[in-house]
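As provided, protein05.txt (compact mmCIF, N, CA and C atoms) reads as follows.
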# COMPACT_ATOMS: atom_id res chain seq x y z
N MET Y 1 34.79 123.80 167.32
CA MET Y 1 33.92 123.18 166.34
C MET Y 1 34.47 123.35 164.92
N ARG Y 2 35.10 124.49 164.63
CA ARG Y 2 35.63 124.70 163.29
C ARG Y 2 36.72 123.70 162.97
N THR Y 3 37.54 123.39 163.96
CA THR Y 3 38.61 122.43 163.74
C THR Y 3 38.02 121.08 163.35
N ARG Y 4 36.95 120.67 164.04
CA ARG Y 4 36.31 119.40 163.73
C ARG Y 4 35.72 119.42 162.33
N ASN Y 5 35.14 120.55 161.91
CA ASN Y 5 34.58 120.64 160.56
C ASN Y 5 35.67 120.49 159.51
N TRP Y 6 36.82 121.11 159.75
CA TRP Y 6 37.93 120.96 158.81
C TRP Y 6 38.41 119.52 158.78
N LEU Y 7 38.41 118.88 159.95
CA LEU Y 7 38.83 117.49 160.02
C LEU Y 7 37.87 116.61 159.21
N VAL Y 8 36.58 116.85 159.36
CA VAL Y 8 35.58 116.08 158.60
C VAL Y 8 35.81 116.28 157.11
N MET Y 9 36.04 117.53 156.69
CA MET Y 9 36.24 117.79 155.28
C MET Y 9 37.53 117.14 154.79
N ALA Y 10 38.58 117.19 155.59
CA ALA Y 10 39.85 116.58 155.20
C ALA Y 10 39.71 115.06 155.07
N ILE Y 11 38.98 114.46 155.98
CA ILE Y 11 38.76 113.01 155.92
C ILE Y 11 38.01 112.66 154.64
N PHE Y 12 36.99 113.46 154.34
CA PHE Y 12 36.20 113.19 153.14
C PHE Y 12 37.04 113.39 151.88
N LEU Y 13 37.72 114.51 151.81
CA LEU Y 13 38.47 114.82 150.60
C LEU Y 13 39.70 113.94 150.43
N GLY Y 14 40.17 113.38 151.52
CA GLY Y 14 41.33 112.51 151.46
C GLY Y 14 41.03 111.18 150.81
N GLY Y 15 39.79 110.76 150.85
CA GLY Y 15 39.40 109.48 150.27
C GLY Y 15 39.02 109.62 148.81
N CYS Y 16 38.69 108.55 148.23
CA CYS Y 16 38.24 108.54 146.83
C CYS Y 16 36.87 109.17 146.75
N ALA Y 17 36.68 110.08 145.82
CA ALA Y 17 35.42 110.82 145.71
C ALA Y 17 34.25 109.90 145.38
N THR Y 18 34.50 108.83 144.66
CA THR Y 18 33.40 107.96 144.28
C THR Y 18 33.07 106.94 145.36
N ALA Y 19 33.91 106.84 146.38
CA ALA Y 19 33.68 105.85 147.42
C ALA Y 19 32.59 106.28 148.39
N GLY Y 20 32.24 107.53 148.37
CA GLY Y 20 31.20 108.02 149.28
C GLY Y 20 31.79 108.49 150.59
N PRO Y 21 30.91 108.91 151.47
CA PRO Y 21 31.40 109.42 152.75
C PRO Y 21 32.05 108.32 153.57
N SER Y 22 33.14 108.65 154.22
CA SER Y 22 33.82 107.66 155.05
C SER Y 22 33.02 107.41 156.32
N ASN Y 23 33.36 106.33 157.00
CA ASN Y 23 32.71 106.05 158.28
C ASN Y 23 32.95 107.17 159.27
N ALA Y 24 34.16 107.75 159.25
CA ALA Y 24 34.48 108.85 160.16
C ALA Y 24 33.58 110.05 159.89
N THR Y 25 33.34 110.35 158.61
CA THR Y 25 32.47 111.48 158.26
C THR Y 25 31.05 111.22 158.72
N MET Y 26 30.57 110.01 158.50
CA MET Y 26 29.20 109.68 158.91
C MET Y 26 29.06 109.70 160.42
N GLU Y 27 30.09 109.21 161.12
CA GLU Y 27 30.05 109.21 162.58
C GLU Y 27 30.12 110.63 163.13
N ALA Y 28 30.92 111.49 162.51
CA ALA Y 28 31.01 112.89 162.94
C ALA Y 28 29.68 113.59 162.75
N THR Y 29 29.02 113.33 161.64
CA THR Y 29 27.71 113.94 161.38
C THR Y 29 26.69 113.43 162.38
N ALA Y 30 26.70 112.14 162.65
CA ALA Y 30 25.77 111.58 163.63
C ALA Y 30 26.03 112.17 165.01
N ALA Y 31 27.29 112.39 165.35
CA ALA Y 31 27.63 112.99 166.65
C ALA Y 31 27.12 114.43 166.72
N SER Y 32 27.23 115.16 165.62
CA SER Y 32 26.73 116.54 165.59
C SER Y 32 25.21 116.57 165.76
N ILE Y 33 24.54 115.63 165.13
CA ILE Y 33 23.08 115.55 165.24
C ILE Y 33 22.68 115.23 166.68
N ARG Y 34 23.38 114.27 167.31
CA ARG Y 34 23.10 113.94 168.71
C ARG Y 34 23.36 115.13 169.63
N ALA Y 35 24.45 115.84 169.38
CA ALA Y 35 24.78 117.01 170.20
C ALA Y 35 23.68 118.07 170.10
N ALA Y 36 23.19 118.29 168.89
CA ALA Y 36 22.12 119.28 168.70
C ALA Y 36 20.87 118.86 169.46
N GLU Y 37 20.54 117.58 169.40
CA GLU Y 37 19.36 117.09 170.11
C GLU Y 37 19.53 117.24 171.63
N GLU Y 38 20.72 116.93 172.13
CA GLU Y 38 20.97 117.00 173.56
C GLU Y 38 20.99 118.43 174.07
N LEU Y 39 21.36 119.38 173.20
CA LEU Y 39 21.40 120.78 173.61
C LEU Y 39 20.05 121.46 173.49
N GLY Y 40 19.04 120.73 173.06
CA GLY Y 40 17.69 121.29 173.00
C GLY Y 40 17.31 121.92 171.68
N ALA Y 41 18.00 121.58 170.61
CA ALA Y 41 17.68 122.15 169.30
C ALA Y 41 16.23 121.93 168.88
N PRO Y 42 15.61 120.80 169.24
CA PRO Y 42 14.20 120.63 168.83
C PRO Y 42 13.26 121.67 169.43
N ARG Y 43 13.68 122.33 170.52
CA ARG Y 43 12.81 123.33 171.15
C ARG Y 43 13.10 124.75 170.68
N VAL Y 44 14.09 124.92 169.81
CA VAL Y 44 14.46 126.24 169.28
C VAL Y 44 14.07 126.22 167.79
N PRO Y 45 13.10 127.04 167.39
CA PRO Y 45 12.58 126.94 166.01
C PRO Y 45 13.63 126.90 164.91
N GLN Y 46 14.56 127.85 164.88
CA GLN Y 46 15.57 127.84 163.81
C GLN Y 46 16.50 126.63 163.92
N ALA Y 47 16.89 126.30 165.15
CA ALA Y 47 17.76 125.14 165.35
C ALA Y 47 17.05 123.86 164.95
N SER Y 48 15.77 123.78 165.26
CA SER Y 48 14.98 122.61 164.90
C SER Y 48 14.93 122.41 163.39
N LEU Y 49 14.79 123.50 162.67
CA LEU Y 49 14.78 123.43 161.20
C LEU Y 49 16.09 122.85 160.68
N HIS Y 50 17.21 123.36 161.17
CA HIS Y 50 18.50 122.88 160.68
C HIS Y 50 18.79 121.45 161.15
N LEU Y 51 18.30 121.12 162.32
CA LEU Y 51 18.45 119.74 162.80
C LEU Y 51 17.69 118.78 161.89
N GLN Y 52 16.47 119.15 161.54
CA GLN Y 52 15.67 118.31 160.65
C GLN Y 52 16.34 118.18 159.28
N LEU Y 53 16.86 119.29 158.76
CA LEU Y 53 17.58 119.24 157.48
C LEU Y 53 18.78 118.29 157.57
N ALA Y 54 19.52 118.39 158.67
CA ALA Y 54 20.69 117.53 158.85
C ALA Y 54 20.30 116.06 158.85
N LYS Y 55 19.22 115.73 159.54
CA LYS Y 55 18.76 114.34 159.59
C LYS Y 55 18.35 113.85 158.20
N GLU Y 56 17.60 114.69 157.48
CA GLU Y 56 17.14 114.29 156.15
C GLU Y 56 18.32 114.15 155.18
N GLN Y 57 19.25 115.09 155.23
CA GLN Y 57 20.41 115.03 154.33
C GLN Y 57 21.28 113.83 154.64
N SER Y 58 21.45 113.54 155.91
CA SER Y 58 22.26 112.38 156.30
C SER Y 58 21.63 111.09 155.79
N GLN Y 59 20.34 110.97 155.96
CA GLN Y 59 19.63 109.77 155.49
C GLN Y 59 19.72 109.66 153.96
N HIS Y 60 19.52 110.78 153.28
CA HIS Y 60 19.59 110.77 151.81
C HIS Y 60 21.00 110.43 151.34
N ALA Y 61 22.01 110.95 152.04
CA ALA Y 61 23.40 110.64 151.69
C ALA Y 61 23.68 109.15 151.81
N LYS Y 62 23.16 108.54 152.85
CA LYS Y 62 23.34 107.09 153.03
C LYS Y 62 22.68 106.32 151.89
N GLN Y 63 21.50 106.76 151.47
CA GLN Y 63 20.81 106.11 150.36
C GLN Y 63 21.60 106.26 149.06
N LEU Y 64 22.13 107.47 148.83
CA LEU Y 64 22.92 107.69 147.62
C LEU Y 64 24.18 106.83 147.62
N ALA Y 65 24.82 106.73 148.76
CA ALA Y 65 26.04 105.91 148.86
C ALA Y 65 25.72 104.44 148.58
N ALA Y 66 24.58 103.99 149.07
CA ALA Y 66 24.17 102.60 148.84
C ALA Y 66 23.90 102.34 147.36
N LYS Y 67 23.46 103.38 146.65
CA LYS Y 67 23.19 103.25 145.21
C LYS Y 67 24.44 103.43 144.36
N GLY Y 68 25.55 103.79 145.01
CA GLY Y 68 26.79 103.94 144.27
C GLY Y 68 27.14 105.36 143.88
N ASP Y 69 26.35 106.34 144.28
CA ASP Y 69 26.65 107.74 143.97
C ASP Y 69 27.43 108.34 145.14
N GLY Y 70 28.67 107.90 145.26
CA GLY Y 70 29.50 108.27 146.40
C GLY Y 70 29.86 109.73 146.47
N GLU Y 71 30.14 110.33 145.32
CA GLU Y 71 30.54 111.74 145.32
C GLU Y 71 29.41 112.62 145.83
N GLU Y 72 28.23 112.45 145.30
CA GLU Y 72 27.07 113.24 145.74
C GLU Y 72 26.76 112.94 147.21
N ALA Y 73 26.88 111.69 147.60
CA ALA Y 73 26.62 111.31 148.99
C ALA Y 73 27.59 112.00 149.93
N GLY Y 74 28.83 112.08 149.53
CA GLY Y 74 29.84 112.73 150.36
C GLY Y 74 29.56 114.20 150.57
N PHE Y 75 29.22 114.88 149.48
CA PHE Y 75 28.91 116.30 149.60
C PHE Y 75 27.64 116.53 150.42
N LEU Y 76 26.67 115.67 150.25
CA LEU Y 76 25.43 115.80 151.02
C LEU Y 76 25.68 115.54 152.51
N MET Y 77 26.58 114.62 152.81
CA MET Y 77 26.92 114.35 154.21
C MET Y 77 27.62 115.56 154.83
N LEU Y 78 28.46 116.25 154.05
CA LEU Y 78 29.10 117.46 154.55
C LEU Y 78 28.07 118.55 154.83
N ARG Y 79 27.07 118.66 153.96
CA ARG Y 79 25.99 119.62 154.20
C ARG Y 79 25.22 119.25 155.46
N ALA Y 80 24.98 117.97 155.65
CA ALA Y 80 24.27 117.51 156.84
C ALA Y 80 25.05 117.87 158.10
N ASP Y 81 26.37 117.68 158.05
CA ASP Y 81 27.20 118.02 159.20
C ASP Y 81 27.15 119.52 159.46
N ALA Y 82 27.20 120.31 158.42
CA ALA Y 82 27.15 121.77 158.58
C ALA Y 82 25.82 122.19 159.19
N ASP Y 83 24.72 121.61 158.72
CA ASP Y 83 23.41 121.95 159.29
C ASP Y 83 23.31 121.51 160.75
N ALA Y 84 23.86 120.36 161.08
CA ALA Y 84 23.84 119.88 162.46
C ALA Y 84 24.65 120.82 163.35
N GLU Y 85 25.82 121.25 162.87
CA GLU Y 85 26.65 122.18 163.65
C GLU Y 85 25.95 123.52 163.82
N LEU Y 86 25.24 123.97 162.80
CA LEU Y 86 24.47 125.21 162.92
C LEU Y 86 23.37 125.05 163.96
N ALA Y 87 22.72 123.91 163.98
CA ALA Y 87 21.69 123.64 164.98
C ALA Y 87 22.28 123.67 166.38
N VAL Y 88 23.49 123.12 166.54
CA VAL Y 88 24.18 123.16 167.83
C VAL Y 88 24.42 124.61 168.25
N ALA Y 89 24.95 125.41 167.33
CA ALA Y 89 25.26 126.81 167.63
C ALA Y 89 24.00 127.60 167.98
N LEU Y 90 22.92 127.37 167.24
CA LEU Y 90 21.67 128.08 167.50
C LEU Y 90 21.07 127.66 168.85
N ALA Y 91 21.18 126.39 169.18
CA ALA Y 91 20.66 125.92 170.47
C ALA Y 91 21.47 126.53 171.61
N ARG Y 92 22.78 126.54 171.47
CA ARG Y 92 23.64 127.15 172.50
C ARG Y 92 23.34 128.63 172.65
N SER Y 93 23.15 129.31 171.55
CA SER Y 93 22.84 130.73 171.57
C SER Y 93 21.52 130.99 172.29
N SER Y 94 20.56 130.15 172.04
CA SER Y 94 19.26 130.30 172.69
C SER Y 94 19.38 130.13 174.20
N VAL Y 95 20.16 129.15 174.63
CA VAL Y 95 20.38 128.93 176.07
C VAL Y 95 21.09 130.13 176.67
N ALA Y 96 22.11 130.64 175.99
CA ALA Y 96 22.85 131.79 176.50
C ALA Y 96 21.94 133.02 176.60
N ASN Y 97 21.10 133.22 175.60
CA ASN Y 97 20.16 134.36 175.64
C ASN Y 97 19.18 134.23 176.79
N ALA Y 98 18.69 133.02 177.02
CA ALA Y 98 17.76 132.81 178.13
C ALA Y 98 18.42 133.09 179.47
N LYS Y 99 19.67 132.64 179.63
CA LYS Y 99 20.40 132.91 180.87
C LYS Y 99 20.65 134.40 181.05
N ALA Y 100 20.97 135.09 179.97
CA ALA Y 100 21.21 136.53 180.06
C ALA Y 100 19.93 137.27 180.45
N LEU Y 101 18.82 136.89 179.87
CA LEU Y 101 17.54 137.52 180.23
C LEU Y 101 17.20 137.26 181.69
N HIS Y 102 17.46 136.07 182.15
CA HIS Y 102 17.19 135.73 183.55
C HIS Y 102 18.07 136.58 184.48
N ALA Y 103 19.32 136.74 184.12
CA ALA Y 103 20.23 137.56 184.92
C ALA Y 103 19.79 139.01 184.92
N MET Y 104 19.33 139.51 183.78
CA MET Y 104 18.85 140.89 183.71
C MET Y 104 17.60 141.09 184.58
N ASP Y 105 16.73 140.10 184.59
CA ASP Y 105 15.54 140.16 185.45
C ASP Y 105 15.93 140.21 186.92
N LYS Y 106 16.92 139.41 187.28
CA LYS Y 106 17.39 139.41 188.67
C LYS Y 106 17.94 140.78 189.06
N VAL Y 107 18.75 141.35 188.19
CA VAL Y 107 19.32 142.66 188.46
C VAL Y 107 18.21 143.71 188.58
N SER Y 108 17.26 143.64 187.71
CA SER Y 108 16.13 144.58 187.76
C SER Y 108 15.36 144.45 189.08
N THR Y 109 15.12 143.21 189.49
CA THR Y 109 14.42 142.96 190.75
C THR Y 109 15.23 143.47 191.93
N MET Y 110 16.52 143.26 191.90
CA MET Y 110 17.39 143.73 192.98
C MET Y 110 17.39 145.26 193.06
N ARG Y 111 17.35 145.90 191.93
CA ARG Y 111 17.35 147.38 191.91
C ARG Y 111 16.05 147.94 192.46
N THR Y 112 14.94 147.30 192.13
CA THR Y 112 13.64 147.78 192.64
C THR Y 112 13.46 147.46 194.12
N ASP Y 113 14.10 146.40 194.61
CA ASP Y 113 13.98 146.02 196.01
C ASP Y 113 14.97 146.77 196.90
N ALA Y 114 15.98 147.37 196.30
CA ALA Y 114 17.01 148.07 197.08
C ALA Y 114 16.44 149.33 197.70
N PRO Y 115 16.93 149.69 198.91
CA PRO Y 115 16.40 150.90 199.57
C PRO Y 115 16.80 152.18 198.90
The structure given in the file should be rewritten as structure tokens.
Amino acid sequence: MRTRNWLVMAIFLGGCATAGPSNATMEATAASIRAAEELGAPRVPQASLHLQLAKEQSQHAKQLAAKGDGEEAGFLMLRADADAELAVALARSSVANAKALHAMDKVSTMRTDAP
């Protein structure tokens, strides 16, 4: 994921600052938002918060770009991508924690059932 974030930043910084976020940057952010949704971020309170922030920032960045404020739009799109990636990480962490708790319960049950 870090490599992709650097790629998004390089794509953005490689272009003209006043031109706004590139299509690649916007598509990467949208992909991060979709990934967070598919991983269950809306059901994880902290992940849900960052997912919502990412959606709002992405929408606001698009509005700023349409108004001609490309530099601000670009930076806001990078923030949106970062929040979406954080939502992905938090959702994955929540799933991993749930699996670990389930495994611990199984082990506990096996120990109590053992002769």
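Shortest atom-to-atom contact with Y:Leu86 among Y:Lys106, Y:His50, Y:Arg34, Y:Arg43: Y:His50, counting only N, CA and C atoms.
Distance-wise, atom N of Y:Asp83 and atom N of Y:Leu51 end up 7.4 Å apart.
You will find atom CA of Y:Leu76 at 12.5 Å from atom C of Y:Gln52.
The gap separating atom C of Y:Gly74 from atom N of Y:Ser22 is 7.5 Å, in Å to one decimal.
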If I wrap all listed atoms of stretch 21-36 of chain Y in a box with edges along x, y and z and add 6 Å on each side, what are its centre and edge lengths in Å to one decimal, as AutoDock Vina command-line options?
--center_x 27.7 --center_y 112.7 --center_z 160.8 --size_x 25.6 --size_y 25.2 --size_z 30.7
Determine the nearest neighbour of Y:Met77 from the options Y:Ser108, Y:Thr25, Y:Ser94, Y:Ser32, counting only C-alpha atoms.
Y:Thr25
Which polymer residues have any atom within 6.5 Å of an atom of Y:Lys62, counting only N, CA and C atoms, with same-chain residues fewer than 5 positions away left out, as a PDB file with N, CA and C atoms, keeping the file's coordinate frame?
ATOM      1  N   GLN Y  57      19.250 115.090 155.230  1.00  0.00           N
ATOM      2  CA  GLN Y  57      20.410 115.030 154.330  1.00  0.00           C
ATOM      3  C   GLN Y  57      21.280 113.830 154.640  1.00  0.00           C
ATOM      4  N   LYS Y  67      23.460 103.380 146.650  1.00  0.00           N
ATOM      5  CA  LYS Y  67      23.190 103.250 145.210  1.00  0.00           C
ATOM      6  C   LYS Y  67      24.440 103.430 144.360  1.00  0.00           C
ATOM      7  N   ALA Y  73      26.880 111.690 147.600  1.00  0.00           N
ATOM      8  CA  ALA Y  73      26.620 111.310 148.990  1.00  0.00           C
ATOM      9  C   ALA Y  73      27.590 112.000 149.930  1.00  0.00           C
TER      10      ALA Y  73
END
